[in-house]
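Peer 1: Below you'll find entry_13.cif; it's mmCIF, C-alpha atoms and all ligand atoms.
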data_model
loop_
_atom_site.label_atom_id
_atom_site.label_comp_id
_atom_site.auth_asym_id
_atom_site.auth_seq_id
_atom_site.Cartn_x
_atom_site.Cartn_y
_atom_site.Cartn_z
CA MET A 1 74.26 -83.17 -46.87
CA ILE A 2 71.72 -80.33 -46.74
CA ASN A 3 68.48 -81.74 -45.40
CA PHE A 4 65.15 -80.70 -46.79
CA ASN A 5 63.78 -79.98 -43.32
CA VAL A 6 65.25 -79.73 -39.82
CA PRO A 7 62.69 -79.40 -37.01
CA PRO A 8 62.83 -75.95 -35.40
CA PHE A 9 64.74 -75.78 -32.11
CA THR A 10 65.59 -72.54 -30.33
CA GLY A 11 67.36 -73.88 -27.22
CA LYS A 12 64.74 -72.85 -24.67
CA GLU A 13 62.58 -75.95 -25.30
CA LEU A 14 64.38 -78.23 -22.84
CA GLU A 15 64.14 -75.69 -20.02
CA TYR A 16 60.39 -75.29 -20.56
CA MET A 17 59.79 -79.03 -20.89
CA LYS A 18 61.71 -79.54 -17.64
CA GLU A 19 59.50 -76.91 -16.05
CA ALA A 20 56.39 -78.73 -17.28
CA ILE A 21 57.68 -81.95 -15.71
CA GLU A 22 58.51 -80.18 -12.44
CA ASN A 23 55.04 -78.60 -12.44
CA GLN A 24 53.83 -82.21 -12.22
CA LYS A 25 51.32 -81.26 -14.88
CA ILE A 26 52.22 -83.16 -17.99
CA CYS A 27 48.70 -83.94 -19.20
CA GLY A 28 46.67 -81.52 -21.31
CA ASP A 29 45.58 -77.95 -20.58
CA GLY A 30 48.41 -77.15 -18.17
CA PRO A 31 50.23 -73.80 -17.80
CA PHE A 32 52.14 -74.03 -21.11
CA THR A 33 49.02 -74.91 -23.09
CA LYS A 34 47.38 -71.84 -21.59
CA LYS A 35 50.35 -69.67 -22.56
CA CYS A 36 50.18 -70.98 -26.14
CA HIS A 37 46.44 -70.28 -26.29
CA GLU A 38 46.96 -66.73 -25.09
CA TRP A 39 49.86 -66.14 -27.45
CA ILE A 40 47.93 -67.35 -30.50
CA GLU A 41 44.82 -65.40 -29.51
CA ARG A 42 46.89 -62.24 -29.14
CA GLN A 43 48.85 -62.78 -32.34
CA THR A 44 45.89 -63.61 -34.57
CA GLY A 45 43.08 -61.74 -32.81
CA THR A 46 40.90 -64.87 -32.93
CA THR A 47 38.14 -65.17 -30.34
CA LYS A 48 39.38 -68.52 -29.05
CA CYS A 49 42.29 -70.86 -29.67
CA LEU A 50 42.47 -74.49 -28.55
CA LEU A 51 45.67 -76.50 -28.95
CA THR A 52 45.11 -79.93 -30.47
CA THR A 53 47.14 -83.08 -31.05
CA SER A 54 47.49 -82.21 -34.76
CA CYS A 55 46.10 -80.01 -37.50
CA THR A 56 44.28 -83.11 -38.71
CA HIS A 57 42.53 -83.25 -35.34
CA ALA A 58 41.81 -79.53 -35.38
CA THR A 59 40.08 -80.06 -38.73
CA GLU A 60 38.19 -83.06 -37.34
CA LEU A 61 37.00 -80.88 -34.48
CA ALA A 62 35.92 -78.23 -36.98
CA ALA A 63 34.00 -80.85 -38.98
CA LEU A 64 32.23 -81.98 -35.79
CA LEU A 65 31.39 -78.39 -34.86
CA ALA A 66 30.14 -77.70 -38.39
CA ASP A 67 27.89 -80.74 -37.94
CA ILE A 68 29.13 -82.40 -41.11
CA LYS A 69 27.09 -85.53 -41.78
CA GLU A 70 26.68 -88.44 -44.15
CA GLY A 71 25.87 -87.17 -47.64
CA ASP A 72 27.10 -83.60 -47.09
CA GLU A 73 29.58 -82.11 -49.51
CA VAL A 74 32.60 -79.91 -48.88
CA ILE A 75 34.49 -77.99 -51.55
CA LEU A 76 38.28 -78.06 -51.41
CA PRO A 77 41.32 -78.16 -53.68
CA SER A 78 42.70 -81.53 -54.78
CA TYR A 79 46.23 -80.17 -54.48
CA THR A 80 46.53 -80.50 -50.69
CA PHE A 81 47.53 -82.84 -47.89
CA VAL A 82 45.20 -85.77 -47.19
CA SER A 83 44.04 -84.36 -43.83
CA THR A 84 42.08 -81.56 -45.51
CA ALA A 85 39.76 -84.19 -46.99
CA ASP A 86 40.09 -86.89 -44.29
CA ALA A 87 38.46 -84.84 -41.54
CA PHE A 88 35.24 -84.50 -43.57
CA VAL A 89 35.25 -87.89 -45.26
CA LEU A 90 35.47 -89.44 -41.79
CA ARG A 91 32.08 -87.88 -41.04
CA GLY A 92 30.59 -89.35 -44.21
CA ALA A 93 30.91 -86.27 -46.39
CA LYS A 94 31.92 -86.21 -50.03
CA ALA A 95 35.01 -84.25 -51.03
CA VAL A 96 34.28 -82.07 -54.05
CA PHE A 97 37.54 -80.94 -55.58
CA VAL A 98 37.99 -77.82 -57.66
CA ASP A 99 41.00 -76.82 -59.70
CA ILE A 100 43.80 -74.58 -58.42
CA ARG A 101 45.20 -71.32 -59.75
CA PRO A 102 48.59 -71.94 -61.33
CA ASP A 103 50.06 -68.76 -59.81
CA THR A 104 49.54 -69.38 -56.08
CA MET A 105 48.63 -73.10 -56.18
CA ASN A 106 45.56 -72.17 -54.09
CA MET A 107 41.98 -73.20 -54.95
CA ASP A 108 40.60 -71.10 -57.80
CA GLU A 109 37.93 -68.97 -56.15
CA LYS A 110 36.21 -68.47 -59.52
CA LEU A 111 35.38 -72.19 -59.70
CA ILE A 112 33.75 -72.56 -56.30
CA GLU A 113 30.26 -71.33 -57.06
CA ALA A 114 29.70 -73.78 -59.92
CA ALA A 115 30.58 -76.68 -57.62
CA ILE A 116 27.93 -75.82 -55.03
CA THR A 117 24.94 -78.18 -54.79
CA GLU A 118 22.04 -78.55 -52.35
CA ARG A 119 24.28 -80.80 -50.29
CA THR A 120 27.21 -78.42 -49.96
CA LYS A 121 27.94 -77.55 -46.34
CA ALA A 122 31.37 -75.94 -46.32
CA ILE A 123 34.20 -74.44 -48.31
CA VAL A 124 37.67 -75.50 -47.19
CA PRO A 125 40.40 -73.22 -48.55
CA VAL A 126 44.03 -74.30 -48.07
CA HIS A 127 46.56 -71.47 -47.79
CA TYR A 128 49.37 -73.16 -49.66
CA ALA A 129 52.90 -72.15 -48.60
CA GLY A 130 51.38 -69.60 -46.20
CA VAL A 131 50.04 -67.52 -49.07
CA GLY A 132 46.43 -66.51 -48.53
CA CYS A 133 43.58 -67.70 -50.75
CA GLU A 134 41.26 -65.03 -52.18
CA MET A 135 39.36 -64.71 -48.91
CA ASP A 136 37.24 -61.68 -49.86
CA LYS A 137 35.67 -63.62 -52.70
CA ILE A 138 35.44 -66.90 -50.77
CA MET A 139 33.70 -65.25 -47.79
CA GLU A 140 31.30 -63.51 -50.16
CA ILE A 141 30.34 -66.81 -51.81
CA ALA A 142 29.95 -68.51 -48.42
CA GLU A 143 27.68 -65.76 -47.18
CA LYS A 144 25.57 -65.77 -50.32
CA HIS A 145 25.02 -69.54 -50.17
CA ASN A 146 24.95 -69.83 -46.39
CA LEU A 147 28.00 -72.10 -46.23
CA MET A 148 30.62 -72.48 -43.55
CA VAL A 149 34.28 -71.73 -44.18
CA ILE A 150 36.90 -73.91 -42.52
CA GLU A 151 40.42 -72.75 -43.31
CA ASP A 152 43.24 -75.25 -43.58
CA ALA A 153 45.87 -72.81 -42.35
CA ALA A 154 48.29 -75.63 -41.46
CA GLN A 155 51.05 -73.66 -43.17
CA GLY A 156 49.62 -70.24 -42.41
CA ILE A 157 50.68 -69.04 -38.96
CA MET A 158 52.18 -65.50 -39.01
CA ALA A 159 50.79 -64.88 -42.50
CA SER A 160 47.93 -62.62 -43.51
CA TYR A 161 45.58 -61.61 -46.32
CA LYS A 162 44.91 -57.86 -46.61
CA GLY A 163 46.28 -57.43 -43.09
CA LYS A 164 44.07 -60.08 -41.49
CA PRO A 165 45.77 -63.24 -40.15
CA LEU A 166 45.11 -66.49 -42.01
CA GLY A 167 42.88 -68.84 -40.02
CA THR A 168 40.65 -66.02 -38.73
CA PHE A 169 38.32 -65.52 -41.71
CA GLY A 170 36.13 -68.63 -41.54
CA GLU A 171 34.11 -70.06 -38.65
CA PHE A 172 37.16 -72.23 -37.97
CA GLY A 173 40.87 -72.09 -38.81
CA CYS A 174 43.35 -74.92 -38.35
CA PHE A 175 47.10 -74.58 -37.68
CA SER A 176 49.71 -77.33 -37.70
CA PHE A 177 52.72 -77.62 -35.41
CA HIS A 178 54.10 -80.76 -37.03
CA GLU A 179 57.89 -80.89 -37.17
CA THR A 180 57.84 -79.75 -40.81
CA LYS A 181 56.03 -76.50 -40.04
CA ASN A 182 57.44 -73.07 -39.07
CA PHE A 183 56.82 -73.69 -35.36
CA SER A 184 56.57 -77.17 -33.95
CA MET A 185 55.72 -79.34 -30.97
CA GLY A 186 56.55 -82.63 -32.70
CA GLU A 187 52.95 -83.44 -33.48
CA GLY A 188 50.33 -80.80 -32.73
CA GLY A 189 47.99 -78.16 -34.01
CA ALA A 190 45.44 -75.56 -33.03
CA LEU A 191 41.81 -74.78 -33.72
CA LEU A 192 40.88 -71.12 -34.10
CA ILE A 193 37.26 -70.31 -33.33
CA ARG A 194 35.77 -67.09 -34.70
CA ASP A 195 32.36 -67.08 -32.99
CA GLU A 196 31.91 -67.34 -29.26
CA LYS A 197 28.88 -69.59 -29.64
CA TYR A 198 31.07 -72.57 -30.60
CA ILE A 199 33.52 -72.38 -27.71
CA GLU A 200 31.67 -74.45 -25.14
CA THR A 201 30.85 -77.28 -27.55
CA ALA A 202 34.40 -77.25 -28.90
CA GLU A 203 35.79 -77.67 -25.38
CA ILE A 204 33.42 -80.59 -24.79
CA TYR A 205 34.29 -82.41 -28.04
CA ARG A 206 37.98 -81.91 -27.31
CA GLU A 207 37.70 -83.33 -23.77
CA LYS A 208 36.07 -86.72 -24.50
CA GLY A 209 32.58 -85.22 -24.54
CA THR A 210 32.87 -83.87 -20.99
CA ASP A 211 32.70 -80.39 -19.45
CA ARG A 212 36.06 -80.91 -17.76
CA SER A 213 37.38 -77.59 -19.13
CA LYS A 214 34.73 -75.76 -17.09
CA TYR A 215 35.58 -77.89 -14.07
CA TYR A 216 39.29 -76.99 -14.38
CA ARG A 217 38.35 -73.31 -14.40
CA GLY A 218 36.35 -73.84 -11.22
CA GLN A 219 33.05 -72.97 -12.91
CA ILE A 220 31.37 -76.24 -11.86
CA ASP A 221 32.06 -78.67 -9.00
CA LYS A 222 32.05 -81.91 -11.00
CA TYR A 223 32.39 -82.76 -14.63
CA ARG A 224 30.11 -85.13 -16.53
CA TRP A 225 29.64 -86.76 -19.89
CA GLN A 226 27.75 -84.19 -21.96
CA ASN A 227 28.07 -85.25 -25.59
CA TYR A 228 30.07 -87.42 -27.95
CA GLY A 229 33.67 -86.38 -28.26
CA SER A 230 37.23 -87.53 -28.41
CA SER A 231 40.63 -86.69 -26.94
CA TYR A 232 42.16 -83.86 -28.90
CA LEU A 233 44.31 -82.14 -26.28
CA PRO A 234 48.10 -82.40 -26.35
CA SER A 235 50.41 -82.98 -23.39
CA ASP A 236 51.69 -79.85 -21.65
CA MET A 237 55.25 -81.10 -22.34
CA ASN A 238 54.61 -80.68 -26.04
CA ALA A 239 53.02 -77.29 -25.45
CA ALA A 240 56.18 -76.30 -23.53
CA TYR A 241 58.29 -77.17 -26.59
CA LEU A 242 56.00 -75.08 -28.78
CA TYR A 243 55.92 -72.11 -26.42
CA ALA A 244 59.71 -71.71 -26.64
CA GLN A 245 59.23 -71.15 -30.36
CA LEU A 246 56.21 -68.90 -30.16
CA GLU A 247 58.26 -66.60 -27.92
CA LEU A 248 60.79 -66.34 -30.75
CA ALA A 249 58.22 -66.29 -33.55
CA GLU A 250 59.41 -63.00 -35.03
CA GLU A 251 63.02 -64.13 -35.09
CA ILE A 252 62.22 -67.51 -36.62
CA THR A 253 60.03 -65.91 -39.27
CA LYS A 254 62.65 -63.31 -40.09
CA ALA A 255 65.37 -65.94 -40.52
CA ARG A 256 63.15 -67.94 -42.87
CA MET A 257 62.14 -64.79 -44.76
CA ASP A 258 65.80 -63.81 -45.28
CA ARG A 259 66.55 -67.24 -46.79
CA TRP A 260 63.40 -67.05 -48.92
CA ASN A 261 64.40 -63.66 -50.31
CA GLU A 262 67.92 -64.90 -51.04
CA TYR A 263 66.53 -67.88 -52.96
CA LYS A 264 64.29 -65.56 -54.93
CA GLU A 265 67.00 -63.05 -55.73
CA GLN A 266 69.56 -65.65 -56.74
CA LEU A 267 67.17 -67.61 -58.94
CA GLU A 268 65.56 -64.58 -60.58
CA PRO A 269 67.93 -64.65 -63.60
CA LEU A 270 66.92 -68.26 -64.40
CA ALA A 271 63.27 -67.25 -64.16
CA LYS A 272 63.86 -64.26 -66.44
CA GLU A 273 65.37 -66.61 -69.02
CA GLY A 274 62.18 -68.69 -68.79
CA ARG A 275 63.97 -71.79 -67.51
CA ILE A 276 62.06 -72.02 -64.23
CA GLU A 277 59.14 -70.32 -62.49
CA LEU A 278 59.27 -68.77 -59.03
CA PRO A 279 56.51 -68.43 -56.41
CA TYR A 280 54.03 -65.60 -56.84
CA ILE A 281 52.89 -63.64 -53.80
CA PRO A 282 49.96 -61.23 -54.38
CA GLU A 283 50.91 -57.79 -53.07
CA TYR A 284 48.18 -57.85 -50.40
CA CYS A 285 49.34 -61.22 -49.03
CA GLU A 286 51.96 -61.28 -46.34
CA HIS A 287 53.48 -64.76 -46.35
CA ASN A 288 55.58 -66.50 -43.71
CA ALA A 289 58.35 -68.11 -45.79
CA HIS A 290 56.96 -71.53 -45.01
CA MET A 291 58.20 -72.92 -48.28
CA PHE A 292 60.40 -72.05 -51.22
CA TYR A 293 59.56 -73.84 -54.43
CA ILE A 294 60.44 -73.58 -58.09
CA LYS A 295 58.62 -74.98 -61.10
CA THR A 296 60.50 -76.94 -63.71
CA LYS A 297 59.41 -77.50 -67.32
CA ASP A 298 57.79 -80.86 -66.56
CA MET A 299 57.99 -83.94 -64.39
CA GLU A 300 60.91 -85.42 -66.30
CA GLU A 301 63.05 -82.33 -65.84
CA ARG A 302 62.08 -82.27 -62.17
CA SER A 303 63.22 -85.87 -61.64
CA GLU A 304 66.54 -85.06 -63.29
CA LEU A 305 67.00 -81.99 -61.11
CA ILE A 306 66.17 -83.93 -57.91
CA ALA A 307 68.77 -86.56 -58.83
CA PHE A 308 71.34 -83.91 -59.74
CA LEU A 309 70.86 -82.03 -56.46
CA LYS A 310 71.07 -85.27 -54.49
CA GLU A 311 74.47 -85.95 -56.05
CA LYS A 312 75.51 -82.51 -54.83
CA GLY A 313 74.32 -83.30 -51.30
CA ILE A 314 71.03 -81.40 -51.43
CA LEU A 315 67.66 -82.92 -50.61
CA ALA A 316 64.85 -81.35 -52.62
CA VAL A 317 61.37 -82.87 -52.64
CA PHE A 318 58.14 -82.57 -54.57
CA HIS A 319 54.77 -82.22 -52.92
CA TYR A 320 51.22 -83.53 -53.07
CA VAL A 321 50.02 -86.12 -55.51
CA PRO A 322 46.54 -84.70 -56.27
CA LEU A 323 43.92 -86.26 -54.02
CA HIS A 324 41.34 -86.87 -56.74
CA SER A 325 43.61 -89.33 -58.52
CA ALA A 326 44.50 -91.27 -55.33
CA PRO A 327 42.53 -94.44 -54.41
CA ALA A 328 40.68 -92.78 -51.49
CA GLY A 329 40.05 -89.67 -53.55
CA ILE A 330 38.29 -91.73 -56.19
CA LYS A 331 36.26 -93.47 -53.50
CA PHE A 332 35.34 -90.45 -51.36
CA GLY A 333 35.46 -87.56 -53.75
CA ARG A 334 34.84 -86.16 -57.18
CA PHE A 335 36.51 -83.48 -59.22
CA HIS A 336 34.17 -80.74 -60.34
CA GLY A 337 35.06 -79.21 -63.69
CA GLU A 338 38.28 -79.63 -65.58
CA ASP A 339 41.65 -80.52 -64.07
CA LYS A 340 43.49 -77.87 -66.00
CA TYR A 341 46.25 -77.07 -63.52
CA THR A 342 46.10 -79.38 -60.47
CA THR A 343 47.92 -82.34 -62.01
CA LYS A 344 50.09 -80.40 -64.43
CA GLU A 345 51.40 -77.88 -61.91
CA SER A 346 51.85 -80.45 -59.13
CA GLU A 347 54.16 -82.40 -61.44
CA ARG A 348 56.39 -79.37 -62.00
CA LEU A 349 56.71 -78.11 -58.45
CA LEU A 350 59.93 -78.74 -56.53
CA ARG A 351 60.54 -77.64 -52.93
CA LEU A 352 64.03 -76.55 -51.96
CA PRO A 353 65.42 -76.92 -48.42
CA MET A 354 63.83 -74.47 -46.00
CA TYR A 355 64.11 -74.43 -42.23
CA TYR A 356 64.91 -72.08 -39.36
CA LYS A 357 68.67 -72.73 -39.14
CA LEU A 358 69.35 -72.93 -42.87
CA THR A 359 72.25 -70.56 -43.59
CA ALA A 360 72.79 -67.93 -46.28
CA ASP A 361 75.85 -69.89 -47.47
CA GLU A 362 73.74 -73.00 -47.91
CA VAL A 363 71.16 -71.09 -49.96
CA GLU A 364 74.01 -69.70 -52.05
CA TYR A 365 75.33 -73.24 -52.65
CA ILE A 366 71.89 -74.65 -53.48
CA THR A 367 71.02 -71.90 -55.97
CA GLU A 368 74.49 -72.24 -57.53
CA GLN A 369 73.83 -75.96 -58.13
CA VAL A 370 70.40 -75.25 -59.64
CA LYS A 371 72.11 -72.82 -62.03
CA VAL A 372 74.78 -75.41 -62.90
CA PHE A 373 72.01 -77.90 -63.73
CA TYR A 374 70.37 -75.48 -66.15
CA ARG A 375 73.66 -74.59 -67.78
C1 LIG A 401 50.84 -80.29 -42.47
C2 LIG A 401 49.53 -80.13 -43.08
C3 LIG A 401 48.38 -80.74 -42.54
C4 LIG A 401 48.42 -81.74 -41.44
O1 LIG A 401 48.96 -81.29 -40.26
P1 LIG A 401 49.17 -82.31 -39.06
O2 LIG A 401 49.47 -81.39 -37.90
O3 LIG A 401 50.31 -83.19 -39.42
O4 LIG A 401 47.91 -83.06 -38.84
C5 LIG A 401 47.16 -80.47 -43.13
N1 LIG A 401 47.05 -79.65 -44.19
C6 LIG A 401 48.12 -79.07 -44.74
C7 LIG A 401 47.94 -78.15 -45.90
C8 LIG A 401 49.40 -79.29 -44.22
O5 LIG A 401 50.45 -78.71 -44.78
#
What would you get if you wrote out this structure as structure tokens?
Ligand SMILES: *Cc1c(COP(=O)(O)O)cnc(C)c1O

Peer 2:
Amino acid sequence: MINFNVPPFTGKELEYMKEAIENQKICGDGPFTKKCHEWIERQTGTTKCLLTTSCTHATELAALLADIKEGDEVILPSYTFVSTADAFVLRGAKAVFVDIRPDTMNMDEKLIEAAITERTKAIVPVHYAGVGCEMDKIMEIAEKHNLMVIEDAAQGIMASYKGKPLGTFGEFGCFSFHETKNFSMGEGGALLIRDEKYIETAEIYREKGTDRSKYYRGQIDKYRWQNYGSSYLPSDMNAAYLYAQLELAEEITKARMDRWNEYKEQLEPLAKEGRIELPYIPEYCEHNAHMFYIKTKDMEERSELIAFLKEKGILAVFHYVPLHSAPAGIKFGRFHGEDKYTTKESERLLRLPMYYKLTADEVEYITEQVKVFYR
């Protein structure tokens, strides 16, 4: 059986986790957390990185820092994971969904401006499959209307738009290190902060509303309750697991990219015949091979293909059910404009197995079976 996902594991994780245990520092903000912060800051060039317990929590932190309140609106795609909306809805905001572009599955930047109202506070682009949204245009709109940009870059580490890393455009960027992502710590994430002015408050919100981070650095002699907050810092054991992978980030990304290119090359003939569609990567977007998907004719064909592949020992899965049609989406959101592509394209998209240790032979076998299905 070829699984859809296998959590990344390099071999060094156990050694580092053992070290974290022997350090007798298994709570948050220990040596491995610090190493991860430094690595991400160096790799992305962001002003400040803070590891969190998930990307969902990183987004919650961003919503707190953006001072999202009851009655505010945020603009986001409906074709995304629930967390993108949850973090804002939790603060009482309304999720205003706009349609996606059928080529990249990212929010259509041309539809954002029409969805802006007096209540709009932020734009939340999601870089689907690690392919950048049209950030030039999105940043221009945000500036013009004085809105914040919070990037859901859950799938976007090691990817860039016009040479600039995803997650570093907006005030805040959010990474995920869930076991399904390119690098993992089981459950975890990171908040990227662009402007220095937010760092101190972010540290306080993340540490139960206290200035403990300052205390740990020896900047003050006791820490106190300063503001509301929560507990968003992961255990150093989890950070140790993640650090083993960050050290091998280039190698992991290259392995995934090789498989991605093999998929593309081997399925190109089917795409040329018009039987399926393949992912589109704008030339100025460097992606990270987070995902390989194809698009079938319609939902019915997709169900048949999933069943066929399963018989052949291959697990392929579809992705998001659009948020605006889900019970909470109806309650907490509204779709602005016409749903021309969100539902239609989401029903056609099928993700093929993709993970660090997937082999070239397995990709060969999978693409062969897809071809057999279409013959
Ligand atoms: C995985 C994912 C999330 C959630 O990440 P967690 O770390 O599980 O909270 C949010 N948004 C997108 C687009 C994702 O792919």

Peer 1: Return as AutoDock Vina command-line options the centre and edge lengths, in Å with one decimal, of the box along x, y and z that encloses every atom of ligand LIG 401 (chain A) in the file, padded by 5 Å per side.

Peer 2:
--center_x 48.9 --center_y -80.7 --center_z -41.9 --size_x 13.8 --size_y 15.0 --size_z 18.0

Peer 1: Just checking: using all atoms listed in the file, which residue out of A:Gln266, A:Ser303, A:Thr52, A:Ser83 ends up closest to A:Met185?

Peer 2: A:Thr52

Peer 1: Of the residues A:Gly218, A:His290, A:Gly11, A:Lys371, which is the one nearest to A:Glu273, using only C-alpha atoms?

Peer 2: A:Lys371

Peer 1: For ligand LIG 401 (chain A), collect every residue having any atom at a distance of at most 8 Å from a ligand atom (counting all atoms listed in the file); output as a ChimeraX atom specification.

Peer 2: /A:53-58,80-84,126-129,152-155,175-178,180-181,187-189

Peer 1: With distances taken over only C-alpha atoms, which of A:Pro165, A:Leu248, A:Ile199, A:Ala63 is nearest to A:Ser213?

Peer 2: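 So, comparing all the options, the nearest one is A:Ile199.
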
Peer 1: Do you have the atom CA of A:Glu13-atom CA of A:Leu192 distance handy?

Peer 2: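 Going from atom CA of A:Glu13 over to atom CA of A:Leu192 covers 23.9 Å.
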
Peer 1: Just give me the gap between atom CA of A:Tyr284 and atom CA of A:His319 in Å, one decimal is fine.

Peer 2: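 Taking atom CA of A:Tyr284 and atom CA of A:His319, their separation equals 25.4 Å.
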
Peer 1: Restricting the calculation to all atoms listed in the file: of A:Arg259, A:Leu51, A:Ala142, A:Ala85, which residue gets closest to A:Glu113?

Peer 2: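 Residue with the minimum atom-to-atom distance to A:Glu113: A:Ala142.
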
Peer 1: Determine the nearest neighbour of A:Gly173 from the options A:Met299, A:Asp29, A:Ile150, A:Ala122, counting only C-alpha atoms.

Peer 2: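 Of all the options, A:Ile150 lies closest to A:Gly173.
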
Peer 1: Considering only C-alpha atoms, state which residue in the set A:Met158, A:Cys27, A:Ala255, A:Ala307 is at the smallest distance from A:Arg42.

Peer 2: A:Met158

Peer 1: Neighbouring residues of A:Val321 were defined as those with any atom within 9 Å, considering all atoms listed in the file; residues of the same chain fewer than 3 positions away were excluded. Please report them as a list in words.

Peer 2: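 That gives Ser78, Tyr79, Thr80, Phe81, Phe318, His324, Ser325, Ala326, Thr343, Ser346 and Glu347 of chain A.
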
Peer 1: Excluding same-chain residues fewer than 6 positions from A:Ser160, what lies within 8 Å of it counting all atoms listed in the file, as a list in words?

Peer 2: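 Skipping anything fewer than 6 positions along the chain leaves Val131, Gly132, Leu166, Cys285, Glu286 and His287 of chain A.
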
Peer 1: Please compute the atom CA of A:Lys18-atom CA of A:Tyr241 distance, one decimal, in Å.

Peer 2: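 So the two atoms, atom CA of A:Lys18 and atom CA of A:Tyr241, lie 9.9 Å apart.
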
Peer 1: Counting all atoms listed in the file, I want the residues whose atoms come within 10 Å of (75.7, -79.3, -53.3) in the file frame, returned as a ChimeraX atom specification.

Peer 2: /A:1-2,308-315,362-370

Peer 1: Do a neighbour search on A:Val124 at 6 Å with only C-alpha atoms, toss out local chain neighbours closer than 5 positions, and write the hits as a PDB file with C-alpha atoms, in the coordinates of the input.

Peer 2:
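What landed in around-v7.pdb:
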ATOM      1  CA  ILE A  75      34.490 -77.990 -51.550  1.00  0.00           C
ATOM      2  CA  LEU A  76      38.280 -78.060 -51.410  1.00  0.00           C
ATOM      3  CA  VAL A 149      34.280 -71.730 -44.180  1.00  0.00           C
ATOM      4  CA  ILE A 150      36.900 -73.910 -42.520  1.00  0.00           C
ATOM      5  CA  GLU A 151      40.420 -72.750 -43.310  1.00  0.00           C
TER       6      GLU A 151
END

Peer 1: Can we get stretch 264-268 of chain A of that structure written down with all heavy atoms, as a PDB file, in the first residue's frame?

Peer 2:
ATOM      1  N   LYS A 264       4.995  15.197 -12.836  1.00  0.00           N
ATOM      2  CA  LYS A 264       4.620  16.138 -13.886  1.00  0.00           C
ATOM      3  C   LYS A 264       5.002  15.597 -15.256  1.00  0.00           C
ATOM      4  O   LYS A 264       4.201  15.572 -16.190  1.00  0.00           O
ATOM      5  CB  LYS A 264       5.308  17.484 -13.621  1.00  0.00           C
ATOM      6  CG  LYS A 264       5.068  18.520 -14.697  1.00  0.00           C
ATOM      7  CD  LYS A 264       4.568  19.825 -14.101  1.00  0.00           C
ATOM      8  CE  LYS A 264       3.865  20.657 -15.142  1.00  0.00           C
ATOM      9  NZ  LYS A 264       4.689  21.660 -15.764  1.00  0.00           N
ATOM     10  N   GLU A 265       6.236  15.127 -15.351  1.00  0.00           N
ATOM     11  CA  GLU A 265       6.741  14.633 -16.631  1.00  0.00           C
ATOM     12  C   GLU A 265       5.946  13.416 -17.111  1.00  0.00           C
ATOM     13  O   GLU A 265       5.559  13.321 -18.271  1.00  0.00           O
ATOM     14  CB  GLU A 265       8.211  14.265 -16.441  1.00  0.00           C
ATOM     15  CG  GLU A 265       9.004  14.177 -17.725  1.00  0.00           C
ATOM     16  CD  GLU A 265      10.438  13.775 -17.435  1.00  0.00           C
ATOM     17  OE1 GLU A 265      11.042  14.389 -16.531  1.00  0.00           O
ATOM     18  OE2 GLU A 265      10.925  12.819 -18.070  1.00  0.00           O
ATOM     19  N   GLN A 266       5.670  12.500 -16.175  1.00  0.00           N
ATOM     20  CA  GLN A 266       5.006  11.260 -16.567  1.00  0.00           C
ATOM     21  C   GLN A 266       3.512  11.441 -16.861  1.00  0.00           C
ATOM     22  O   GLN A 266       2.925  10.627 -17.576  1.00  0.00           O
ATOM     23  CB  GLN A 266       5.244  10.195 -15.487  1.00  0.00           C
ATOM     24  CG  GLN A 266       6.694   9.678 -15.535  1.00  0.00           C
ATOM     25  CD  GLN A 266       7.140   9.039 -14.230  1.00  0.00           C
ATOM     26  OE1 GLN A 266       6.330   8.508 -13.492  1.00  0.00           O
ATOM     27  NE2 GLN A 266       8.442   9.083 -13.958  1.00  0.00           N
ATOM     28  N   LEU A 267       2.932  12.496 -16.309  1.00  0.00           N
ATOM     29  CA  LEU A 267       1.500  12.714 -16.556  1.00  0.00           C
ATOM     30  C   LEU A 267       1.233  13.737 -17.659  1.00  0.00           C
ATOM     31  O   LEU A 267       0.090  13.933 -18.066  1.00  0.00           O
ATOM     32  CB  LEU A 267       0.799  13.127 -15.254  1.00  0.00           C
ATOM     33  CG  LEU A 267       0.727  12.015 -14.198  1.00  0.00           C
ATOM     34  CD1 LEU A 267       0.169  12.546 -12.887  1.00  0.00           C
ATOM     35  CD2 LEU A 267      -0.124  10.830 -14.686  1.00  0.00           C
ATOM     36  N   GLU A 268       2.293  14.362 -18.137  1.00  0.00           N
ATOM     37  CA  GLU A 268       2.164  15.390 -19.172  1.00  0.00           C
ATOM     38  C   GLU A 268       1.388  14.895 -20.410  1.00  0.00           C
ATOM     39  O   GLU A 268       0.503  15.611 -20.908  1.00  0.00           O
ATOM     40  CB  GLU A 268       3.556  15.886 -19.572  1.00  0.00           C
ATOM     41  CG  GLU A 268       3.567  17.245 -20.238  1.00  0.00           C
ATOM     42  CD  GLU A 268       3.759  18.378 -19.231  1.00  0.00           C
ATOM     43  OE1 GLU A 268       4.895  18.556 -18.755  1.00  0.00           O
ATOM     44  OE2 GLU A 268       2.770  19.053 -18.934  1.00  0.00           O
TER      45      GLU A 268
END
